[in-house]
Structure formats: C-alpha cells, structure tokens
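J.: Structure file final_24.txt (compact mmCIF, N, CA, C and O atoms and all ligand atoms) is given on the next line.
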```txt
# COMPACT_ATOMS: atom_id res chain seq x y z
N MET V 1 30.86 13.47 -32.66
CA MET V 1 30.16 12.74 -31.61
C MET V 1 28.88 13.48 -31.21
O MET V 1 28.90 14.67 -30.98
N LYS V 2 27.80 12.72 -31.13
CA LYS V 2 26.53 13.33 -30.72
C LYS V 2 26.49 13.50 -29.21
O LYS V 2 26.92 12.61 -28.49
N PRO V 3 25.95 14.63 -28.77
CA PRO V 3 25.79 14.79 -27.32
C PRO V 3 24.74 13.82 -26.79
O PRO V 3 23.73 13.57 -27.44
N GLN V 4 25.01 13.26 -25.63
CA GLN V 4 24.08 12.30 -25.03
C GLN V 4 22.82 13.03 -24.54
O GLN V 4 22.92 14.03 -23.87
N VAL V 5 21.67 12.53 -24.94
CA VAL V 5 20.42 13.15 -24.50
C VAL V 5 19.66 12.13 -23.66
O VAL V 5 19.43 11.01 -24.10
N SER V 6 19.30 12.54 -22.48
CA SER V 6 18.58 11.63 -21.59
C SER V 6 17.12 11.49 -22.04
O SER V 6 16.62 12.31 -22.81
N ASP V 7 16.46 10.45 -21.55
CA ASP V 7 15.03 10.27 -21.85
C ASP V 7 14.24 11.48 -21.40
O ASP V 7 13.29 11.88 -22.06
N PHE V 8 14.66 12.04 -20.27
CA PHE V 8 13.95 13.20 -19.75
C PHE V 8 14.04 14.36 -20.72
O PHE V 8 13.04 15.00 -21.04
N GLU V 9 15.24 14.60 -21.22
CA GLU V 9 15.45 15.71 -22.15
C GLU V 9 14.69 15.46 -23.45
O GLU V 9 14.09 16.36 -24.02
N ARG V 10 14.71 14.21 -23.92
CA ARG V 10 13.96 13.87 -25.13
C ARG V 10 12.47 14.12 -24.90
O ARG V 10 11.78 14.70 -25.75
N GLY V 11 11.98 13.68 -23.74
CA GLY V 11 10.57 13.88 -23.41
C GLY V 11 10.21 15.34 -23.34
O GLY V 11 9.16 15.76 -23.83
N ARG V 12 11.11 16.13 -22.76
CA ARG V 12 10.85 17.56 -22.66
C ARG V 12 10.72 18.18 -24.05
O ARG V 12 9.85 19.00 -24.30
N ARG V 13 11.59 17.75 -24.96
CA ARG V 13 11.53 18.29 -26.33
C ARG V 13 10.22 17.89 -27.02
O ARG V 13 9.62 18.69 -27.73
N ILE V 14 9.80 16.63 -26.80
CA ILE V 14 8.55 16.17 -27.40
C ILE V 14 7.38 16.99 -26.84
O ILE V 14 6.51 17.43 -27.59
N VAL V 15 7.40 17.21 -25.52
CA VAL V 15 6.32 17.98 -24.88
C VAL V 15 6.27 19.40 -25.44
O VAL V 15 5.20 19.90 -25.79
N ILE V 16 7.43 20.03 -25.56
CA ILE V 16 7.47 21.40 -26.09
C ILE V 16 6.94 21.44 -27.52
O ILE V 16 6.13 22.30 -27.88
N ALA V 17 7.37 20.48 -28.34
CA ALA V 17 6.93 20.44 -29.73
C ALA V 17 5.42 20.25 -29.82
O ALA V 17 4.74 20.90 -30.62
N LEU V 18 4.89 19.36 -28.96
CA LEU V 18 3.45 19.09 -29.00
C LEU V 18 2.63 20.28 -28.51
O LEU V 18 1.57 20.57 -29.06
N ILE V 19 3.16 20.98 -27.50
CA ILE V 19 2.46 22.18 -27.02
C ILE V 19 2.42 23.21 -28.14
O ILE V 19 1.38 23.83 -28.40
N ALA V 20 3.55 23.38 -28.82
CA ALA V 20 3.60 24.34 -29.93
C ALA V 20 2.59 23.97 -31.00
O ALA V 20 1.88 24.83 -31.55
N LEU V 21 2.50 22.67 -31.32
CA LEU V 21 1.54 22.20 -32.32
C LEU V 21 0.11 22.46 -31.87
O LEU V 21 -0.73 22.93 -32.67
N ALA V 22 -0.16 22.16 -30.61
CA ALA V 22 -1.51 22.35 -30.08
C ALA V 22 -1.91 23.82 -30.17
O ALA V 22 -3.03 24.16 -30.57
N VAL V 23 -0.97 24.71 -29.81
CA VAL V 23 -1.23 26.14 -29.88
C VAL V 23 -1.44 26.56 -31.33
O VAL V 23 -2.36 27.34 -31.65
N ALA V 24 -0.60 26.05 -32.22
CA ALA V 24 -0.70 26.41 -33.64
C ALA V 24 -2.06 25.99 -34.21
O ALA V 24 -2.73 26.78 -34.89
N PHE V 25 -2.48 24.76 -33.90
CA PHE V 25 -3.79 24.29 -34.38
C PHE V 25 -4.92 25.12 -33.78
O PHE V 25 -5.88 25.49 -34.47
N GLY V 26 -4.78 25.41 -32.48
CA GLY V 26 -5.81 26.18 -31.80
C GLY V 26 -5.94 27.58 -32.39
O GLY V 26 -7.05 28.05 -32.66
N LEU V 27 -4.80 28.23 -32.63
CA LEU V 27 -4.82 29.57 -33.20
C LEU V 27 -5.37 29.54 -34.62
O LEU V 27 -6.15 30.42 -35.01
N ALA V 28 -4.96 28.54 -35.38
CA ALA V 28 -5.44 28.43 -36.76
C ALA V 28 -6.96 28.27 -36.77
O ALA V 28 -7.66 28.87 -37.58
N ALA V 29 -7.47 27.45 -35.83
CA ALA V 29 -8.91 27.25 -35.74
C ALA V 29 -9.62 28.57 -35.42
O ALA V 29 -10.68 28.87 -35.99
N LEU V 30 -9.02 29.34 -34.53
CA LEU V 30 -9.65 30.60 -34.12
C LEU V 30 -9.58 31.66 -35.21
O LEU V 30 -10.52 32.42 -35.41
N MET V 31 -8.43 31.71 -35.89
CA MET V 31 -8.20 32.85 -36.77
C MET V 31 -8.62 32.62 -38.21
O MET V 31 -9.00 33.54 -38.91
N PHE V 32 -8.51 31.34 -38.67
CA PHE V 32 -8.72 31.12 -40.10
C PHE V 32 -10.00 30.36 -40.43
O PHE V 32 -10.33 30.17 -41.58
N THR V 33 -10.71 29.90 -39.40
CA THR V 33 -11.94 29.17 -39.70
C THR V 33 -13.09 29.74 -38.87
O THR V 33 -12.87 30.34 -37.83
N LYS V 34 -14.27 29.52 -39.36
CA LYS V 34 -15.45 29.97 -38.63
C LYS V 34 -15.96 28.85 -37.73
O LYS V 34 -15.88 27.67 -38.08
N GLU V 35 -16.48 29.24 -36.61
CA GLU V 35 -16.99 28.25 -35.67
C GLU V 35 -18.09 27.42 -36.31
O GLU V 35 -18.97 27.96 -37.00
N GLY V 36 -18.04 26.12 -36.12
CA GLY V 36 -19.08 25.25 -36.64
C GLY V 36 -18.77 24.66 -38.00
O GLY V 36 -19.46 23.74 -38.45
N THR V 37 -17.74 25.17 -38.68
CA THR V 37 -17.39 24.62 -39.98
C THR V 37 -16.55 23.36 -39.80
O THR V 37 -16.00 23.11 -38.72
N THR V 38 -16.46 22.57 -40.87
CA THR V 38 -15.69 21.33 -40.82
C THR V 38 -14.24 21.62 -40.51
O THR V 38 -13.63 20.94 -39.68
N GLU V 39 -13.67 22.65 -41.16
CA GLU V 39 -12.27 22.99 -40.94
C GLU V 39 -12.03 23.34 -39.47
O GLU V 39 -11.02 22.95 -38.87
N ASN V 40 -12.97 24.09 -38.93
CA ASN V 40 -12.86 24.49 -37.53
C ASN V 40 -12.86 23.27 -36.62
O ASN V 40 -12.04 23.16 -35.71
N MET V 41 -13.75 22.33 -36.90
CA MET V 41 -13.83 21.11 -36.10
C MET V 41 -12.55 20.30 -36.20
O MET V 41 -12.02 19.80 -35.21
N VAL V 42 -12.04 20.19 -37.45
CA VAL V 42 -10.83 19.39 -37.67
C VAL V 42 -9.65 19.99 -36.91
O VAL V 42 -8.91 19.29 -36.22
N LEU V 43 -9.50 21.31 -37.01
CA LEU V 43 -8.39 21.98 -36.32
C LEU V 43 -8.54 21.89 -34.80
O LEU V 43 -7.57 21.68 -34.08
N ALA V 44 -9.78 22.05 -34.34
CA ALA V 44 -10.02 21.96 -32.90
C ALA V 44 -9.70 20.56 -32.40
O ALA V 44 -9.08 20.39 -31.34
N LEU V 45 -10.09 19.56 -33.16
CA LEU V 45 -9.81 18.18 -32.77
C LEU V 45 -8.32 17.90 -32.82
O LEU V 45 -7.77 17.20 -31.96
N ALA V 46 -7.64 18.45 -33.84
CA ALA V 46 -6.19 18.26 -33.94
C ALA V 46 -5.50 18.89 -32.73
O ALA V 46 -4.57 18.31 -32.16
N SER V 47 -5.98 20.06 -32.35
CA SER V 47 -5.42 20.73 -31.18
C SER V 47 -5.65 19.90 -29.92
O SER V 47 -4.74 19.71 -29.11
N LEU V 48 -6.85 19.38 -29.80
CA LEU V 48 -7.19 18.53 -28.65
C LEU V 48 -6.32 17.28 -28.62
O LEU V 48 -5.81 16.87 -27.57
N ALA V 49 -6.12 16.68 -29.80
CA ALA V 49 -5.29 15.47 -29.89
C ALA V 49 -3.87 15.78 -29.43
O ALA V 49 -3.23 14.97 -28.75
N CYS V 50 -3.36 16.96 -29.81
CA CYS V 50 -2.02 17.35 -29.40
C CYS V 50 -1.93 17.52 -27.89
O CYS V 50 -0.94 17.14 -27.27
N ILE V 51 -2.99 18.09 -27.31
CA ILE V 51 -2.98 18.28 -25.86
C ILE V 51 -2.98 16.93 -25.16
O ILE V 51 -2.25 16.71 -24.19
N ILE V 52 -3.77 15.98 -25.68
CA ILE V 52 -3.78 14.64 -25.10
C ILE V 52 -2.40 13.99 -25.24
O ILE V 52 -1.89 13.36 -24.33
N ALA V 53 -1.78 14.21 -26.41
CA ALA V 53 -0.45 13.66 -26.64
C ALA V 53 0.57 14.28 -25.69
O ALA V 53 1.49 13.61 -25.23
N VAL V 54 0.40 15.58 -25.38
CA VAL V 54 1.30 16.24 -24.42
C VAL V 54 1.20 15.53 -23.07
O VAL V 54 2.22 15.21 -22.45
N ILE V 55 -0.03 15.26 -22.65
CA ILE V 55 -0.22 14.60 -21.35
C ILE V 55 0.39 13.20 -21.38
O ILE V 55 1.10 12.79 -20.46
N ALA V 56 0.13 12.48 -22.48
CA ALA V 56 0.67 11.12 -22.60
C ALA V 56 2.20 11.15 -22.58
O ALA V 56 2.84 10.34 -21.90
N ALA V 57 2.80 12.10 -23.31
CA ALA V 57 4.26 12.19 -23.36
C ALA V 57 4.81 12.58 -22.00
O ALA V 57 5.85 12.07 -21.56
N ALA V 58 4.10 13.47 -21.30
CA ALA V 58 4.55 13.88 -19.98
C ALA V 58 4.51 12.71 -19.01
O ALA V 58 5.44 12.50 -18.22
N MET V 59 3.45 11.90 -19.09
CA MET V 59 3.34 10.73 -18.22
C MET V 59 4.44 9.73 -18.53
O MET V 59 4.99 9.08 -17.65
N ARG V 60 4.75 9.60 -19.84
CA ARG V 60 5.68 8.58 -20.26
C ARG V 60 7.15 8.97 -19.97
O ARG V 60 7.93 8.15 -19.51
N TYR V 61 7.49 10.21 -20.25
CA TYR V 61 8.90 10.59 -20.22
C TYR V 61 9.31 11.46 -19.05
O TYR V 61 10.48 11.50 -18.70
N CYS V 62 8.34 12.23 -18.52
CA CYS V 62 8.76 13.25 -17.57
C CYS V 62 8.88 12.70 -16.16
O CYS V 62 8.09 13.01 -15.28
N ARG V 63 9.88 11.87 -16.02
CA ARG V 63 10.21 11.36 -14.70
C ARG V 63 11.73 11.35 -14.59
O ARG V 63 12.44 11.27 -15.58
N CYS V 64 12.19 11.42 -13.35
CA CYS V 64 13.64 11.42 -13.14
C CYS V 64 14.22 10.10 -13.62
O CYS V 64 13.74 9.03 -13.25
N PRO V 65 15.27 10.14 -14.46
CA PRO V 65 15.86 8.90 -14.96
C PRO V 65 16.59 8.11 -13.88
O PRO V 65 16.96 6.96 -14.10
N HIS V 66 16.81 8.72 -12.74
CA HIS V 66 17.59 8.07 -11.68
C HIS V 66 16.74 7.48 -10.58
O HIS V 66 16.86 6.32 -10.25
N CYS V 67 15.84 8.29 -10.03
CA CYS V 67 15.04 7.80 -8.91
C CYS V 67 13.61 7.50 -9.33
O CYS V 67 12.84 6.95 -8.55
N GLY V 68 13.24 7.85 -10.57
CA GLY V 68 11.91 7.52 -11.07
C GLY V 68 10.83 8.46 -10.61
O GLY V 68 9.66 8.23 -10.91
N LYS V 69 11.21 9.52 -9.92
CA LYS V 69 10.20 10.48 -9.46
C LYS V 69 9.56 11.17 -10.66
O LYS V 69 10.25 11.64 -11.56
N ARG V 70 8.23 11.18 -10.65
CA ARG V 70 7.53 11.85 -11.73
C ARG V 70 7.66 13.36 -11.57
O ARG V 70 7.46 13.89 -10.48
N ILE V 71 8.03 14.01 -12.64
CA ILE V 71 8.21 15.46 -12.59
C ILE V 71 7.23 16.10 -13.55
O ILE V 71 7.36 15.95 -14.76
N VAL V 72 6.23 16.75 -13.01
CA VAL V 72 5.22 17.39 -13.84
C VAL V 72 5.36 18.90 -13.72
O VAL V 72 5.53 19.60 -14.70
N ASN V 73 5.33 19.37 -12.50
CA ASN V 73 5.51 20.81 -12.28
C ASN V 73 6.94 21.20 -12.63
O ASN V 73 7.88 20.58 -12.18
N GLY V 74 7.06 22.21 -13.45
CA GLY V 74 8.38 22.72 -13.76
C GLY V 74 9.14 21.87 -14.75
O GLY V 74 10.35 22.00 -14.89
N VAL V 75 8.42 21.00 -15.45
CA VAL V 75 9.11 20.10 -16.37
C VAL V 75 9.86 20.89 -17.45
O VAL V 75 10.86 20.43 -17.97
N LEU V 76 9.40 22.07 -17.76
CA LEU V 76 10.04 22.84 -18.83
C LEU V 76 11.21 23.68 -18.33
O LEU V 76 11.99 24.18 -19.13
N VAL V 77 11.34 23.81 -17.02
CA VAL V 77 12.42 24.66 -16.51
C VAL V 77 13.40 23.92 -15.61
O VAL V 77 14.56 24.31 -15.51
N LEU V 78 12.95 22.84 -14.98
CA LEU V 78 13.82 22.13 -14.05
C LEU V 78 15.01 21.51 -14.76
O LEU V 78 14.89 20.98 -15.86
N LYS V 79 16.17 21.59 -14.11
CA LYS V 79 17.34 20.93 -14.65
C LYS V 79 17.89 19.91 -13.67
O LYS V 79 18.71 19.07 -14.03
N VAL V 80 17.41 20.00 -12.43
CA VAL V 80 17.90 19.09 -11.40
C VAL V 80 16.70 18.43 -10.73
O VAL V 80 15.71 19.09 -10.43
N CYS V 81 16.79 17.12 -10.52
CA CYS V 81 15.69 16.41 -9.85
C CYS V 81 15.53 16.94 -8.43
O CYS V 81 16.50 16.97 -7.68
N PRO V 82 14.31 17.34 -8.04
CA PRO V 82 14.12 17.86 -6.69
C PRO V 82 14.24 16.76 -5.64
O PRO V 82 14.40 17.05 -4.46
N SER V 83 14.18 15.52 -6.06
CA SER V 83 14.20 14.41 -5.12
C SER V 83 15.62 13.90 -4.87
O SER V 83 16.07 13.78 -3.75
N CYS V 84 16.34 13.58 -5.94
CA CYS V 84 17.67 12.98 -5.75
C CYS V 84 18.81 13.92 -6.12
O CYS V 84 19.97 13.56 -6.01
N LYS V 85 18.47 15.14 -6.57
CA LYS V 85 19.48 16.17 -6.83
C LYS V 85 20.47 15.80 -7.94
O LYS V 85 21.60 16.24 -7.93
N ARG V 86 20.04 14.97 -8.86
CA ARG V 86 20.89 14.70 -10.00
C ARG V 86 20.41 15.51 -11.19
O ARG V 86 19.22 15.77 -11.32
N SER V 87 21.34 15.84 -12.05
CA SER V 87 20.95 16.58 -13.26
C SER V 87 20.04 15.72 -14.10
O SER V 87 20.32 14.55 -14.36
N LEU V 88 18.94 16.30 -14.56
CA LEU V 88 18.01 15.55 -15.39
C LEU V 88 18.54 15.43 -16.82
O LEU V 88 18.04 14.63 -17.61
N ILE V 89 19.53 16.21 -17.15
CA ILE V 89 20.02 16.21 -18.51
C ILE V 89 21.25 15.33 -18.66
O ILE V 89 21.34 14.52 -19.58
N THR V 90 22.18 15.45 -17.74
CA THR V 90 23.41 14.68 -17.89
C THR V 90 23.49 13.52 -16.91
O THR V 90 24.29 12.61 -17.09
N GLY V 91 22.66 13.54 -15.87
CA GLY V 91 22.72 12.47 -14.88
C GLY V 91 23.81 12.68 -13.84
O GLY V 91 24.00 11.86 -12.95
N GLN V 92 24.53 13.79 -13.96
CA GLN V 92 25.58 14.07 -13.01
C GLN V 92 24.99 14.49 -11.67
O GLN V 92 24.00 15.18 -11.62
N LYS V 93 25.65 14.06 -10.60
CA LYS V 93 25.27 14.51 -9.27
C LYS V 93 25.66 15.98 -9.15
O LYS V 93 26.77 16.36 -9.52
N ILE V 94 24.71 16.78 -8.67
CA ILE V 94 24.99 18.20 -8.52
C ILE V 94 25.57 18.44 -7.13
O ILE V 94 24.97 18.09 -6.13
N LYS V 95 26.74 19.01 -7.11
CA LYS V 95 27.37 19.31 -5.81
C LYS V 95 26.95 20.71 -5.37
O LYS V 95 26.91 21.63 -6.16
N LYS V 96 26.67 20.78 -4.10
CA LYS V 96 26.27 22.10 -3.57
C LYS V 96 27.32 22.57 -2.57
O LYS V 96 27.81 21.76 -1.81
ZN ZN J 101 15.64 11.85 -9.06
```
Now that the file is in, can you turn its structure into structure tokens?
T.:
Amino acid sequence: MKPQVSDFERGRRIVIALIALAVAFGLAALMFTKEGTTENMVLALASLACIIAVIAAAMRYCRCPHCGKRIVNGVLVLKVCPSCKRSLITGQKIKK
C-alpha cells in the first residue's frame, strides 16, 4: 500500500526539486561557462525558468488542504497549519 501524500506534501516536493534544479543550473552557468556565451545564457535562462516554476508551484500547491490558507513562509519546514492546526501531511488534527 502506498502512503497517502497530500497535495501540500506533493507541492513541497516539487518546490524542493525545482529549487535544486535552479541551483544546479545557476552553478553550472557560473562554473562551466563564460559570461556572455550562448551556453551561459541558456543555463541562466534555465535557472530563471526554474525559479519562476518554483513560484508558480508554490502559488499552486502551497496552501493548507483544509482551510485553504496560503503557506509561503516556512513551506519547507512547517508540518502543521498555523491557522487551523491540522497536519499538512496527514490531515490529522494535532492535539496539544
Ligand atoms: Zn489550515
């Protein structure tokens, strides 16, 4: 049986993957190409595209699946919605 993954968790994974890609393209542009060359431009644009995709994915997925609150700050570390106190991963109400 596959573990249930919420939209939020899926979005978080997409965001992390895209950030990693953006960093990888950015580093490759800096380290392996010279400024002003076609390769440099292509890698820089690819990095930029990834950053835009990160923002788009964050807008699309990074909201609480229960109350709809948009979660931008702490999206990579938060496990509980600050608004409705439900787990963003399992949807369980967190008892305090
Ligand atoms: Zn919530």
J.: Which protein, DNA or RNA residues have an atom within 7 Å of ligand ZN 101 (chain J), counting only C-alpha atoms and all ligand atoms, as a list in words?
T.: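 I would give the residues around ligand ZN 101 (chain J) as Cys64, Pro65, His66, Cys67, Gly68, Lys69, Cys81, Pro82, Ser83, Cys84, Lys85 and Arg86 of chain V.
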J.: From the options V:Lys34, V:Arg63, V:Lys93, V:Arg70, which residue's atoms come nearest to Ser6 of chain V, counting only C-alpha atoms?
T.: V:Arg63
J.: Would you tabulate, counting only C-alpha atoms, all residues of segment 3-47 of chain V that have an atom at most 12 Å from an atom of segment 52-62 of chain V, showing the closest pair of atoms and their distance in Å to one decimal, sorted by chain then ascending number, as a Markdown table?
T.:
```
| residue | atom | partner | partner_atom | distance |
| --- | --- | --- | --- | --- |
| V:Ser6 | CA | V:Tyr61 | CA | 9.8 |
| V:Asp7 | CA | V:Tyr61 | CA | 6.4 |
| V:Phe8 | CA | V:Cys62 | CA | 5.6 |
| V:Glu9 | CA | V:Cys62 | CA | 8.5 |
| V:Arg10 | CA | V:Tyr61 | CA | 7.8 |
| V:Gly11 | CA | V:Tyr61 | CA | 4.9 |
| V:Arg12 | CA | V:Cys62 | CA | 7.0 |
| V:Arg13 | CA | V:Ala57 | CA | 9.9 |
| V:Ile14 | CA | V:Ala57 | CA | 7.1 |
| V:Val15 | CA | V:Val54 | CA | 5.3 |
| V:Ile16 | CA | V:Val54 | CA | 8.2 |
| V:Ala17 | CA | V:Val54 | CA | 8.8 |
| V:Leu18 | CA | V:Val54 | CA | 5.8 |
| V:Ile19 | CA | V:Val54 | CA | 6.6 |
| V:Ala20 | CA | V:Val54 | CA | 10.1 |
| V:Leu21 | CA | V:Val54 | CA | 9.9 |
| V:Ala22 | CA | V:Val54 | CA | 8.8 |
| V:Val23 | CA | V:Val54 | CA | 11.6 |
| V:Leu45 | CA | V:Ile52 | CA | 10.4 |
| V:Ala46 | CA | V:Ile52 | CA | 9.9 |
| V:Ser47 | CA | V:Ile52 | CA | 8.8 |
```
J.: Kindly indicate which residue among V:Ile94, V:Lys79, V:Met31, V:Phe25 lies nearest to Ala49 of chain V, using only C-alpha atoms for the distances.
T.: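 Smallest separation from Ala49 of chain V among the options: V:Phe25.
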J.: Check the DSSP output for the backbone and give back, as a PyMOL selection string, the residues of segment 13-87 of chain V in alpha helix (DSSP H).
T.: chain V and resi 13-32+38-61
J.: Please rebuild segment 79-90 of chain V with all heavy atoms and give the result as a PDB file, in the coordinates of the input.
T.:
```pdb
ATOM      1  N   LYS V  79      16.170  21.590 -14.110  1.00  0.00           N
ATOM      2  CA  LYS V  79      17.340  20.930 -14.650  1.00  0.00           C
ATOM      3  C   LYS V  79      17.890  19.910 -13.670  1.00  0.00           C
ATOM      4  O   LYS V  79      18.710  19.070 -14.030  1.00  0.00           O
ATOM      5  CB  LYS V  79      18.424  21.961 -14.973  1.00  0.00           C
ATOM      6  CG  LYS V  79      18.018  22.836 -16.157  1.00  0.00           C
ATOM      7  CD  LYS V  79      19.174  23.646 -16.672  1.00  0.00           C
ATOM      8  CE  LYS V  79      18.922  24.171 -18.072  1.00  0.00           C
ATOM      9  NZ  LYS V  79      17.575  24.741 -18.245  1.00  0.00           N
ATOM     10  N   VAL V  80      17.410  20.000 -12.430  1.00  0.00           N
ATOM     11  CA  VAL V  80      17.900  19.090 -11.400  1.00  0.00           C
ATOM     12  C   VAL V  80      16.700  18.430 -10.730  1.00  0.00           C
ATOM     13  O   VAL V  80      15.710  19.090 -10.430  1.00  0.00           O
ATOM     14  CB  VAL V  80      18.724  19.872 -10.353  1.00  0.00           C
ATOM     15  CG1 VAL V  80      19.177  18.951  -9.234  1.00  0.00           C
ATOM     16  CG2 VAL V  80      19.904  20.550 -11.020  1.00  0.00           C
ATOM     17  N   CYS V  81      16.790  17.120 -10.520  1.00  0.00           N
ATOM     18  CA  CYS V  81      15.690  16.410  -9.850  1.00  0.00           C
ATOM     19  C   CYS V  81      15.530  16.940  -8.430  1.00  0.00           C
ATOM     20  O   CYS V  81      16.500  16.970  -7.680  1.00  0.00           O
ATOM     21  CB  CYS V  81      15.979  14.916  -9.831  1.00  0.00           C
ATOM     22  SG  CYS V  81      14.785  13.983  -8.859  1.00  0.00           S
ATOM     23  N   PRO V  82      14.310  17.340  -8.040  1.00  0.00           N
ATOM     24  CA  PRO V  82      14.120  17.860  -6.690  1.00  0.00           C
ATOM     25  C   PRO V  82      14.240  16.760  -5.640  1.00  0.00           C
ATOM     26  O   PRO V  82      14.400  17.050  -4.460  1.00  0.00           O
ATOM     27  CB  PRO V  82      12.695  18.428  -6.723  1.00  0.00           C
ATOM     28  CG  PRO V  82      12.034  17.796  -7.891  1.00  0.00           C
ATOM     29  CD  PRO V  82      13.103  17.377  -8.862  1.00  0.00           C
ATOM     30  N   SER V  83      14.180  15.520  -6.060  1.00  0.00           N
ATOM     31  CA  SER V  83      14.200  14.410  -5.120  1.00  0.00           C
ATOM     32  C   SER V  83      15.620  13.900  -4.870  1.00  0.00           C
ATOM     33  O   SER V  83      16.070  13.780  -3.750  1.00  0.00           O
ATOM     34  CB  SER V  83      13.310  13.293  -5.643  1.00  0.00           C
ATOM     35  OG  SER V  83      13.343  12.206  -4.772  1.00  0.00           O
ATOM     36  N   CYS V  84      16.340  13.580  -5.940  1.00  0.00           N
ATOM     37  CA  CYS V  84      17.670  12.980  -5.750  1.00  0.00           C
ATOM     38  C   CYS V  84      18.810  13.920  -6.120  1.00  0.00           C
ATOM     39  O   CYS V  84      19.970  13.560  -6.010  1.00  0.00           O
ATOM     40  CB  CYS V  84      17.784  11.663  -6.529  1.00  0.00           C
ATOM     41  SG  CYS V  84      17.735  11.863  -8.318  1.00  0.00           S
ATOM     42  N   LYS V  85      18.470  15.140  -6.570  1.00  0.00           N
ATOM     43  CA  LYS V  85      19.480  16.170  -6.830  1.00  0.00           C
ATOM     44  C   LYS V  85      20.470  15.800  -7.940  1.00  0.00           C
ATOM     45  O   LYS V  85      21.600  16.240  -7.930  1.00  0.00           O
ATOM     46  CB  LYS V  85      20.272  16.512  -5.548  1.00  0.00           C
ATOM     47  CG  LYS V  85      19.425  16.846  -4.351  1.00  0.00           C
ATOM     48  CD  LYS V  85      18.696  18.144  -4.514  1.00  0.00           C
ATOM     49  CE  LYS V  85      17.920  18.488  -3.230  1.00  0.00           C
ATOM     50  NZ  LYS V  85      16.713  19.272  -3.540  1.00  0.00           N
ATOM     51  N   ARG V  86      20.040  14.970  -8.860  1.00  0.00           N
ATOM     52  CA  ARG V  86      20.890  14.700 -10.000  1.00  0.00           C
ATOM     53  C   ARG V  86      20.410  15.510 -11.190  1.00  0.00           C
ATOM     54  O   ARG V  86      19.220  15.770 -11.320  1.00  0.00           O
ATOM     55  CB  ARG V  86      20.869  13.217 -10.364  1.00  0.00           C
ATOM     56  CG  ARG V  86      21.764  12.373  -9.512  1.00  0.00           C
ATOM     57  CD  ARG V  86      21.521  10.911  -9.820  1.00  0.00           C
ATOM     58  NE  ARG V  86      22.392  10.058  -9.011  1.00  0.00           N
ATOM     59  CZ  ARG V  86      23.571   9.604  -9.417  1.00  0.00           C
ATOM     60  NH1 ARG V  86      24.027   9.920 -10.605  1.00  0.00           N
ATOM     61  NH2 ARG V  86      24.291   8.828  -8.637  1.00  0.00           N
ATOM     62  N   SER V  87      21.340  15.840 -12.050  1.00  0.00           N
ATOM     63  CA  SER V  87      20.950  16.580 -13.260  1.00  0.00           C
ATOM     64  C   SER V  87      20.040  15.720 -14.100  1.00  0.00           C
ATOM     65  O   SER V  87      20.320  14.550 -14.360  1.00  0.00           O
ATOM     66  CB  SER V  87      22.197  16.963 -14.055  1.00  0.00           C
ATOM     67  OG  SER V  87      21.784  17.392 -15.347  1.00  0.00           O
ATOM     68  N   LEU V  88      18.940  16.300 -14.560  1.00  0.00           N
ATOM     69  CA  LEU V  88      18.010  15.550 -15.390  1.00  0.00           C
ATOM     70  C   LEU V  88      18.540  15.430 -16.820  1.00  0.00           C
ATOM     71  O   LEU V  88      18.040  14.630 -17.610  1.00  0.00           O
ATOM     72  CB  LEU V  88      16.657  16.260 -15.400  1.00  0.00           C
ATOM     73  CG  LEU V  88      15.927  16.244 -14.056  1.00  0.00           C
ATOM     74  CD1 LEU V  88      14.795  17.233 -14.050  1.00  0.00           C
ATOM     75  CD2 LEU V  88      15.421  14.849 -13.738  1.00  0.00           C
ATOM     76  N   ILE V  89      19.530  16.210 -17.150  1.00  0.00           N
ATOM     77  CA  ILE V  89      20.020  16.210 -18.510  1.00  0.00           C
ATOM     78  C   ILE V  89      21.250  15.330 -18.660  1.00  0.00           C
ATOM     79  O   ILE V  89      21.340  14.520 -19.580  1.00  0.00           O
ATOM     80  CB  ILE V  89      20.301  17.663 -18.969  1.00  0.00           C
ATOM     81  CG1 ILE V  89      18.954  18.381 -19.116  1.00  0.00           C
ATOM     82  CG2 ILE V  89      21.034  17.690 -20.310  1.00  0.00           C
ATOM     83  CD1 ILE V  89      18.927  19.770 -18.590  1.00  0.00           C
ATOM     84  N   THR V  90      22.180  15.450 -17.740  1.00  0.00           N
ATOM     85  CA  THR V  90      23.410  14.680 -17.890  1.00  0.00           C
ATOM     86  C   THR V  90      23.490  13.520 -16.910  1.00  0.00           C
ATOM     87  O   THR V  90      24.290  12.610 -17.090  1.00  0.00           O
ATOM     88  CB  THR V  90      24.629  15.583 -17.661  1.00  0.00           C
ATOM     89  OG1 THR V  90      24.602  16.024 -16.302  1.00  0.00           O
ATOM     90  CG2 THR V  90      24.618  16.783 -18.581  1.00  0.00           C
TER      91      THR V  90
END
```
